[in-house]
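Chemist: Got a file for you: query01.txt, compact mmCIF, C-alpha atoms.
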```txt
# COMPACT_ATOMS: atom_id res chain seq x y z
CA MET Y 1418 12.58 9.37 -14.31
CA ILE Y 1419 11.20 5.88 -14.73
CA VAL Y 1420 8.01 4.47 -13.18
CA ARG Y 1421 6.90 0.89 -13.77
CA VAL Y 1422 3.94 -1.00 -12.32
CA GLN Y 1423 4.11 -4.65 -13.30
CA ASN Y 1424 2.98 -8.18 -12.52
CA VAL Y 1425 6.23 -9.90 -13.48
CA ALA Y 1426 9.33 -10.14 -11.30
CA PHE Y 1427 12.34 -7.91 -11.99
CA ASP Y 1428 16.08 -8.29 -11.49
CA PHE Y 1429 17.09 -5.84 -8.76
CA SER Y 1430 20.85 -5.90 -9.55
CA GLU Y 1431 20.24 -5.42 -13.26
CA GLU Y 1432 17.91 -2.48 -12.56
CA VAL Y 1433 20.54 -0.80 -10.35
CA LYS Y 1434 23.16 -1.27 -13.07
CA LEU Y 1435 20.91 0.25 -15.73
CA PHE Y 1436 19.94 3.06 -13.35
CA GLN Y 1437 23.55 4.00 -12.72
CA ALA Y 1438 24.36 3.82 -16.45
CA ALA Y 1439 21.58 6.36 -17.10
CA THR Y 1440 23.16 8.98 -14.83
CA LYS Y 1441 25.87 11.47 -15.85
CA TYR Y 1442 26.90 13.65 -12.91
CA SER Y 1443 25.53 11.90 -9.81
CA GLY Y 1444 28.05 10.90 -7.16
CA ALA Y 1445 25.47 9.16 -4.99
CA ILE Y 1446 22.90 6.45 -5.64
CA VAL Y 1447 20.53 5.17 -2.96
CA THR Y 1448 18.35 2.11 -3.52
CA PHE Y 1449 15.61 0.59 -1.44
CA SER Y 1450 13.77 -2.68 -2.01
CA GLY Y 1451 10.73 -4.06 -0.21
CA ILE Y 1452 10.51 -7.83 0.22
CA VAL Y 1453 7.63 -10.16 1.12
CA ARG Y 1454 8.18 -11.13 4.75
CA ASP Y 1455 7.07 -14.40 6.32
CA VAL Y 1456 7.24 -13.35 9.97
CA ASN Y 1457 5.36 -16.34 11.43
CA GLY Y 1458 6.58 -18.97 9.00
CA ASP Y 1459 3.10 -19.72 7.63
CA LEU Y 1460 2.67 -17.21 4.79
CA ASP Y 1461 1.53 -18.84 1.57
CA TYR Y 1462 1.58 -15.68 -0.55
CA MET Y 1463 0.88 -11.97 -0.63
CA LEU Y 1464 -1.69 -10.59 -3.04
CA ILE Y 1465 -1.18 -7.00 -4.16
CA GLU Y 1466 -4.09 -5.18 -5.75
CA HIS Y 1467 -3.83 -1.73 -7.33
CA TYR Y 1468 -5.84 0.91 -9.18
CA PRO Y 1469 -4.52 0.84 -12.77
CA GLY Y 1470 -4.07 4.34 -14.12
CA MET Y 1471 -4.21 6.14 -10.79
CA THR Y 1472 -1.23 4.11 -9.53
CA GLU Y 1473 1.02 5.15 -12.41
CA ASN Y 1474 -0.14 8.77 -12.17
CA ALA Y 1475 0.47 8.89 -8.42
CA LEU Y 1476 3.95 7.35 -8.70
CA GLU Y 1477 4.91 9.73 -11.50
CA LYS Y 1478 3.68 12.68 -9.46
CA PHE Y 1479 5.67 11.63 -6.35
CA SER Y 1480 8.78 10.90 -8.42
CA ALA Y 1481 8.63 14.28 -10.13
CA ALA Y 1482 8.12 16.01 -6.76
CA SER Y 1483 11.10 14.20 -5.19
CA LYS Y 1484 13.26 15.09 -8.18
CA VAL Y 1485 12.63 18.80 -7.71
CA LYS Y 1486 12.60 18.82 -3.90
CA PHE Y 1487 15.93 17.00 -3.51
CA ASP Y 1488 17.66 17.99 -6.75
CA LEU Y 1489 17.81 14.41 -8.00
CA GLU Y 1490 19.33 13.61 -11.39
CA HIS Y 1491 17.36 10.39 -11.82
CA VAL Y 1492 14.55 8.51 -10.09
CA LEU Y 1493 13.35 4.93 -10.56
CA VAL Y 1494 10.25 3.33 -9.06
CA ILE Y 1495 9.18 -0.24 -9.80
CA HIS Y 1496 6.21 -1.78 -7.97
CA ARG Y 1497 4.74 -5.22 -8.57
CA PHE Y 1498 1.17 -6.41 -8.19
CA GLY Y 1499 -0.51 -9.83 -8.19
CA VAL Y 1500 0.65 -12.92 -6.30
CA LEU Y 1501 4.05 -12.69 -4.59
CA ARG Y 1502 5.67 -15.47 -2.58
CA PRO Y 1503 7.80 -15.01 0.57
CA GLY Y 1504 11.27 -13.70 -0.32
CA GLU Y 1505 10.16 -12.06 -3.57
CA ILE Y 1506 10.89 -8.38 -4.16
CA ILE Y 1507 7.69 -6.31 -4.09
CA MET Y 1508 9.12 -2.99 -5.16
CA MET Y 1509 12.20 -0.81 -5.41
CA VAL Y 1510 13.13 2.83 -5.60
CA ALA Y 1511 16.44 4.30 -6.69
CA THR Y 1512 17.54 7.92 -6.46
CA ALA Y 1513 20.63 9.58 -7.87
CA SER Y 1514 22.05 12.94 -6.86
CA LYS Y 1515 25.33 14.84 -6.58
CA HIS Y 1516 25.51 14.24 -2.83
CA ARG Y 1517 24.40 11.38 -0.59
CA LYS Y 1518 22.05 13.35 1.68
CA ASP Y 1519 19.73 14.30 -1.17
CA ALA Y 1520 19.73 10.74 -2.51
CA PHE Y 1521 18.84 9.35 0.94
CA SER Y 1522 16.17 11.99 1.60
CA GLY Y 1523 14.69 11.59 -1.87
CA ALA Y 1524 14.35 7.82 -1.42
CA ASP Y 1525 12.88 8.27 2.07
CA TYR Y 1526 10.35 10.84 0.83
CA LEU Y 1527 9.35 8.63 -2.10
CA MET Y 1528 8.84 5.63 0.17
CA ASP Y 1529 6.67 7.59 2.61
CA TYR Y 1530 4.42 8.77 -0.22
CA LEU Y 1531 4.39 5.42 -1.95
CA LYS Y 1532 3.34 3.59 1.23
CA SER Y 1533 0.35 5.76 2.10
CA ARG Y 1534 -0.69 7.58 -1.09
CA ALA Y 1535 -0.15 5.18 -3.97
CA PRO Y 1536 -3.26 3.03 -4.50
CA PHE Y 1537 -1.91 -0.41 -3.58
CA TRP Y 1538 -3.47 -2.85 -1.13
CA LYS Y 1539 -1.84 -5.94 0.31
CA LYS Y 1540 -3.53 -9.14 1.40
CA GLU Y 1541 -1.68 -11.86 3.27
CA VAL Y 1542 -2.81 -15.42 2.67
CA VAL Y 1543 -1.51 -17.92 5.23
CA LEU Y 1544 -1.36 -21.66 4.63
CA GLY Y 1545 -4.67 -23.39 5.35
CA GLN Y 1546 -6.65 -20.12 5.33
CA PRO Y 1547 -7.42 -19.35 1.68
CA ASP Y 1548 -9.50 -16.21 2.43
CA GLY Y 1549 -6.51 -14.23 3.67
CA ALA Y 1550 -6.45 -10.93 5.55
CA TRP Y 1551 -5.99 -7.40 4.22
CA VAL Y 1552 -3.00 -5.61 5.71
CA ASP Y 1553 -4.01 -2.56 7.77
CA ALA Y 1554 -2.40 0.81 7.13
CA LYS Y 1555 -0.13 1.89 9.99
CA VAL Y 1556 -0.47 5.15 11.91
CA ILE Y 1557 3.34 5.42 11.90
CA ASP Y 1558 3.30 5.61 8.06
CA GLU Y 1559 0.77 8.43 8.08
CA THR Y 1560 2.83 10.29 10.71
CA ALA Y 1561 5.98 9.90 8.59
CA LEU Y 1562 4.17 11.33 5.59
CA LYS Y 1563 2.90 14.36 7.50
CA ALA Y 1564 6.43 15.15 8.73
CA TRP Y 1565 7.41 16.14 5.15
CA SER Y 1566 4.95 19.03 5.09
CA ASN Y 1567 6.22 20.52 8.38
CA MET D 859 -25.80 11.41 -14.60
CA LYS D 860 -23.82 8.25 -15.28
CA LEU D 861 -20.94 7.39 -12.95
CA ASN D 862 -18.33 4.67 -13.25
CA LEU D 863 -17.79 3.25 -9.76
CA LEU D 864 -14.74 1.22 -8.73
CA TYR D 865 -14.19 -0.72 -5.51
CA PHE D 866 -10.91 -2.14 -4.26
CA ALA D 867 -9.65 -4.58 -1.60
CA TRP D 868 -12.19 -5.40 1.13
CA LEU D 869 -14.71 -2.89 -0.21
CA ARG D 870 -14.74 -4.87 -3.46
CA GLU D 871 -15.16 -8.12 -1.54
CA ARG D 872 -18.02 -6.83 0.63
CA ILE D 873 -19.88 -5.26 -2.29
CA GLY D 874 -19.27 -8.31 -4.44
CA ARG D 875 -17.98 -6.53 -7.55
CA GLY D 876 -15.06 -4.36 -8.56
CA GLN D 877 -16.81 -2.07 -11.02
CA GLU D 878 -20.25 -0.88 -12.05
CA ILE D 879 -21.89 1.97 -13.91
CA ILE D 880 -24.77 3.64 -12.11
CA GLU D 881 -27.26 6.41 -12.80
CA THR D 882 -27.44 8.88 -9.91
CA ASP D 883 -28.47 12.39 -8.91
CA ALA D 884 -26.11 12.49 -5.93
CA GLU D 885 -24.36 15.86 -5.73
CA THR D 886 -21.52 14.88 -3.41
CA VAL D 887 -19.58 11.75 -2.47
CA THR D 888 -21.44 11.66 0.87
CA GLU D 889 -24.79 11.66 -0.95
CA LEU D 890 -23.57 8.91 -3.26
CA ILE D 891 -22.56 6.72 -0.30
CA ALA D 892 -25.95 7.30 1.37
CA GLU D 893 -27.63 6.18 -1.86
CA LEU D 894 -25.44 3.07 -2.23
CA ILE D 895 -26.02 1.96 1.38
CA LEU D 896 -29.76 1.66 0.65
CA ARG D 897 -29.13 -0.75 -2.24
CA ASP D 898 -28.22 -3.92 -0.36
CA PRO D 899 -26.46 -5.14 2.80
CA GLY D 900 -23.13 -5.56 0.95
CA TYR D 901 -22.82 -1.80 0.44
CA ALA D 902 -23.96 -1.16 4.02
CA ALA D 903 -21.18 -3.49 5.24
CA ALA D 904 -18.60 -1.83 2.98
CA PHE D 905 -19.43 1.69 4.21
CA GLU D 906 -20.10 0.71 7.82
CA ASP D 907 -16.97 2.42 9.16
CA ILE D 908 -16.47 5.44 6.94
CA SER D 909 -13.25 6.42 8.76
CA SER D 910 -11.55 3.44 7.10
CA VAL D 911 -12.75 4.32 3.59
CA ARG D 912 -10.88 6.55 1.15
CA VAL D 913 -12.28 8.01 -2.05
CA ALA D 914 -10.78 9.09 -5.36
CA VAL D 915 -12.71 11.16 -7.86
CA ASP D 916 -11.38 10.91 -11.42
CA GLN D 917 -8.25 9.34 -9.88
CA ASN D 918 -7.57 12.11 -7.35
CA LEU D 919 -7.85 11.54 -3.60
CA VAL D 920 -10.57 13.80 -2.21
CA ASP D 921 -12.80 14.41 0.84
CA PHE D 922 -16.30 13.01 1.12
CA SER D 923 -17.78 16.50 0.79
CA THR D 924 -16.44 16.76 -2.77
CA SER D 925 -18.93 17.68 -5.50
CA LEU D 926 -19.67 15.11 -8.21
CA ALA D 927 -20.40 17.75 -10.85
CA SER D 928 -18.86 16.64 -14.19
CA VAL D 929 -17.16 13.68 -12.49
CA ARG D 930 -16.87 10.44 -14.47
CA GLU D 931 -15.25 7.96 -12.12
CA VAL D 932 -15.45 7.45 -8.35
CA ALA D 933 -13.31 4.84 -6.58
CA PHE D 934 -13.73 3.61 -3.00
CA PHE D 935 -10.97 1.76 -1.15
CA PRO D 936 -9.32 1.26 2.25
CA PRO D 937 -6.24 3.24 3.36
CA MET D 938 -3.41 2.37 0.99
CA THR D 939 -0.67 -0.09 1.89
CA GLY D 940 2.00 0.14 -0.80
CA GLY D 941 5.74 -0.39 -0.52
```
Show me, as structure tokens, the structure contained in the file I just sent.

Modeler:
Amino acid sequence: MIVRVQNVAFDFSEEVKLFQAATKYSGAIVTFSGIVRDVNGDLDYMLIEHYPGMTENALEKFSAASKVKFDLEHVLVIHRFGVLRPGEIIMMVATASKHRKDAFSGADYLMDYLKSRAPFWKKEVVLGQPDGAWVDAKVIDETALKAWSN
Amino acid sequence: MKLNLLYFAWLRERIGRGQEIIETDAETVTELIAELILRDPGYAAAFEDISSVRVAVDQNLVDFSTSLASVREVAFFPPMTGG
């Protein structure tokens, strides 16, 4: 299980390669990456703020829970903070298990927790408006999270 | 007692600082918020709509009714938007 919270960019392909190399018996690996979107064509950058200490603890807790719940051999979570430009990778998760369903479910579960329970906040700064606007949490994300406890 | 307070995202911006140490007798998070609101308009603006504020006590998400007994750090922030 690896959890990293970092300012610097990371190489997604390299991380997937290393992740696979660290597994022994898994026949399935699922990866997800989140990317800065520029929906309206005017995004200057995204600023990601986090709560150092609590962020790492929360991600480790969710990773450990997903590992047990879905019988995962290995879990990787990387999440960036600071200034990110359109097209840059914000974060990734990777899960490895014997069978694909557990790997998919584990990644899905991790993402739902990470979105609504890991202390990150995103601000979008569009060109010509240096103050930016904080991204609102979505009801749909909270609903997805609750579905896991049903 | 002494408490380390942390503010993130728009709460930090409205209050005008990200961290401070305060001396308080507040027994719960709700009492602490009531005390902060009286300090200056920045706090009042930050806690205006309490339904969009989340709180962590010693880095654990909790309810506003949570006791502050033997707590060291309280963090206030909006709903999280990771991923």

Chemist: Please, which residues in chain Y fall within 6 Å of chain D when counting all atoms listed in the file, and what is the closest atom pair and distance in Å to one decimal for each, ordered by chain then residue number, as a tab-separated table?

Modeler:
```
residue	atom	partner	partner_atom	distance
Y:Met1471	CA	D:Gln917	CA	5.2
Y:Leu1531	CA	D:Gly940	CA	5.9
Y:Lys1532	CA	D:Gly940	CA	4.2
Y:Ser1533	CA	D:Met938	CA	5.2
Y:Pro1536	CA	D:Met938	CA	5.5
Y:Phe1537	CA	D:Gly940	CA	4.8
Y:Trp1538	CA	D:Thr939	CA	5.0
Y:Ala1554	CA	D:Thr939	CA	5.6
```

Chemist: Using only C-alpha atoms, which residues sit within 9 Å of Glu881 of chain D once same-chain residues fewer than 4 positions away are excluded, as a PDB file with C-alpha atoms, keeping the file's coordinate frame?

Modeler:
```pdb
ATOM      1  CA  MET D 859     -25.800  11.410 -14.600  1.00  0.00           C
ATOM      2  CA  LYS D 860     -23.820   8.250 -15.280  1.00  0.00           C
ATOM      3  CA  LEU D 861     -20.940   7.390 -12.950  1.00  0.00           C
TER       4      LEU D 861
END
```

Chemist: Identify, on the basis of all atoms listed in the file, every residue whose closest approach to Ile1507 of chain Y does not exceed 8 Å; exclude the query and any residue fewer than 6 positions from it along the same chain; express the result as a list in words.

Modeler: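 Neighbouring residues, sequence-local ones excluded: Ser1450, Gly1451, Ile1452, Val1453, His1496, Arg1497, Phe1498 and Leu1501 of chain Y; Gly941 of chain D.
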
Chemist: With a distance cut-off of 10 Å and only C-alpha atoms, select the neighbouring residues of Val1500 of chain Y, excluding the residue or stretch itself and same-chain residues fewer than 5 positions from it, and output the selection as a PyMOL selection string.

Modeler: chain Y and resi 1424-1425+1461-1466+1505+1507+1539-1542

Chemist: When distances are computed from only C-alpha atoms, which of Y:Leu1435, Y:Asn1567, Y:Ala1535, Y:Gly1504 shows the smallest separation from Tyr1468 of chain Y?

Modeler: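 Once distances to Tyr1468 of chain Y are computed over only C-alpha atoms, the minimum belongs to Y:Ala1535.
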
Chemist: Please measure the separation of atom CA of Leu894 of chain D and atom CA of Thr924 of chain D, giving the value in Å to one decimal.

Modeler: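 About the pair atom CA of Leu894 of chain D and atom CA of Thr924 of chain D: they are 16.4 Å apart.
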
Chemist: Interatomic distance between atom CA of Glu1477 of chain Y and atom CA of Val920 of chain D?

Modeler: 18.5 Å

Chemist: List every protein, DNA or RNA residue with an atom no more than 12 Å from (5.4, -20.3, 10.3) in the file's coordinates, counting all atoms listed in the file, and format the result as a list of chain:residue names.

Modeler: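 So the residues meeting the distance criterion are Y:Arg1454, Y:Asp1455, Y:Val1456, Y:Asn1457, Y:Gly1458, Y:Asp1459, Y:Leu1460, Y:Asp1461, Y:Pro1503, Y:Val1543, Y:Leu1544, Y:Gly1545.
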
Chemist: With a distance cut-off of 9 Å and all atoms listed in the file, select the neighbouring residues of Phe1487 of chain Y, excluding the residue or stretch itself and same-chain residues fewer than 6 positions from it, and output the selection as a PyMOL selection string.

Modeler: chain Y and resi 1514+1518-1520+1522-1523

Chemist: Can you tell me which residues surround Ser1430 of chain Y at a distance of at most 12 Å, considering only C-alpha atoms, apart from same-chain residues fewer than 4 positions away, and format the answer as a list in words?

Modeler: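 Result of the neighbour search: Lys1434, Leu1435, Phe1436, Gln1437, Thr1448, Phe1449, Ser1450, Ile1506, Met1509 and Ala1511 of chain Y.
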
Chemist: Rounded to one decimal, what separation in Å do you get between atom CA of Val932 of chain D and atom CA of Leu863 of chain D?

Modeler: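 We find that atom CA of Val932 of chain D and atom CA of Leu863 of chain D lie 5.0 Å from each other.
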
Chemist: Calculated over only C-alpha atoms, which of the candidates D:Val887, D:Glu893, D:Ser909, D:Tyr901 has the smallest distance to Phe922 of chain D?

Modeler: D:Val887

Chemist: Would it be fine to have chain D, with C-alpha atoms, given as a compact mmCIF listing (two decimals), in the first residue's frame?

Modeler:
```
# COMPACT_ATOMS: atom_id res chain seq x y z
CA MET D 859 -7.23 25.93 27.43
CA LYS D 860 -5.08 26.59 24.38
CA LEU D 861 -6.36 25.47 20.98
CA ASN D 862 -4.61 25.42 17.63
CA LEU D 863 -7.16 26.52 15.03
CA LEU D 864 -6.80 25.89 11.29
CA TYR D 865 -8.90 27.30 8.46
CA PHE D 866 -8.93 26.11 4.86
CA ALA D 867 -10.20 27.27 1.45
CA TRP D 868 -12.83 30.05 1.61
CA LEU D 869 -12.99 29.93 5.40
CA ARG D 870 -9.30 30.83 5.45
CA GLU D 871 -9.89 33.64 2.96
CA ARG D 872 -12.85 35.12 4.87
CA ILE D 873 -11.12 34.93 8.24
CA GLY D 874 -7.91 36.29 6.76
CA ARG D 875 -5.52 33.69 8.21
CA GLY D 876 -4.90 29.97 7.97
CA GLN D 877 -3.83 29.28 11.53
CA GLU D 878 -3.95 30.78 15.01
CA ILE D 879 -3.61 29.72 18.62
CA ILE D 880 -6.39 30.89 20.92
CA GLU D 881 -7.23 30.67 24.60
CA THR D 882 -10.83 29.53 25.14
CA ASP D 883 -13.24 28.00 27.65
CA ALA D 884 -15.58 26.68 24.94
CA GLU D 885 -16.72 23.16 25.78
CA THR D 886 -17.96 22.14 22.34
CA VAL D 887 -17.30 23.04 18.71
CA THR D 888 -20.63 24.92 18.62
CA GLU D 889 -19.56 27.05 21.60
CA LEU D 890 -16.21 27.72 19.95
CA ILE D 891 -17.90 28.93 16.75
CA ALA D 892 -20.24 31.20 18.76
CA GLU D 893 -17.17 32.69 20.46
CA LEU D 894 -15.28 33.21 17.18
CA ILE D 895 -18.25 34.91 15.48
CA LEU D 896 -18.13 37.68 18.11
CA ARG D 897 -14.48 38.46 17.30
CA ASP D 898 -14.84 40.25 13.98
CA PRO D 899 -16.94 40.29 10.80
CA GLY D 900 -14.52 37.93 9.00
CA TYR D 901 -15.42 35.06 11.33
CA ALA D 902 -19.11 35.96 11.11
CA ALA D 903 -18.86 35.76 7.30
CA ALA D 904 -16.98 32.44 7.46
CA PHE D 905 -19.56 30.80 9.74
CA GLU D 906 -22.60 32.48 8.18
CA ASP D 907 -23.91 29.27 6.60
CA ILE D 908 -22.94 26.53 9.01
CA SER D 909 -24.40 23.82 6.73
CA SER D 910 -21.47 24.40 4.36
CA VAL D 911 -18.82 24.14 7.09
CA ARG D 912 -17.12 20.93 8.15
CA VAL D 913 -14.99 20.46 11.26
CA ALA D 914 -12.13 18.16 12.20
CA VAL D 915 -10.97 17.76 15.78
CA ASP D 916 -7.40 16.46 16.10
CA GLN D 917 -7.66 15.53 12.40
CA ASN D 918 -10.89 13.51 12.68
CA LEU D 919 -14.14 14.65 11.06
CA VAL D 920 -16.73 15.25 13.77
CA ASP D 921 -20.12 16.86 14.48
CA PHE D 922 -20.47 20.37 15.87
CA SER D 923 -21.74 18.98 19.18
CA THR D 924 -18.36 17.32 19.82
CA SER D 925 -16.66 18.07 23.14
CA LEU D 926 -13.36 19.96 23.10
CA ALA D 927 -12.08 18.29 26.26
CA SER D 928 -8.34 17.46 25.82
CA VAL D 929 -8.48 18.53 22.16
CA ARG D 930 -5.41 20.25 20.71
CA GLU D 931 -6.34 21.14 17.16
CA VAL D 932 -9.61 22.18 15.51
CA ALA D 933 -9.86 22.71 11.74
CA PHE D 934 -12.73 24.37 9.87
CA PHE D 935 -13.24 23.94 6.13
CA PRO D 936 -15.85 23.60 3.37
CA PRO D 937 -17.07 20.21 2.08
CA MET D 938 -14.09 18.44 0.54
CA THR D 939 -13.50 18.30 -3.20
CA GLY D 940 -10.67 15.85 -3.82
CA GLY D 941 -10.07 13.58 -6.79
```
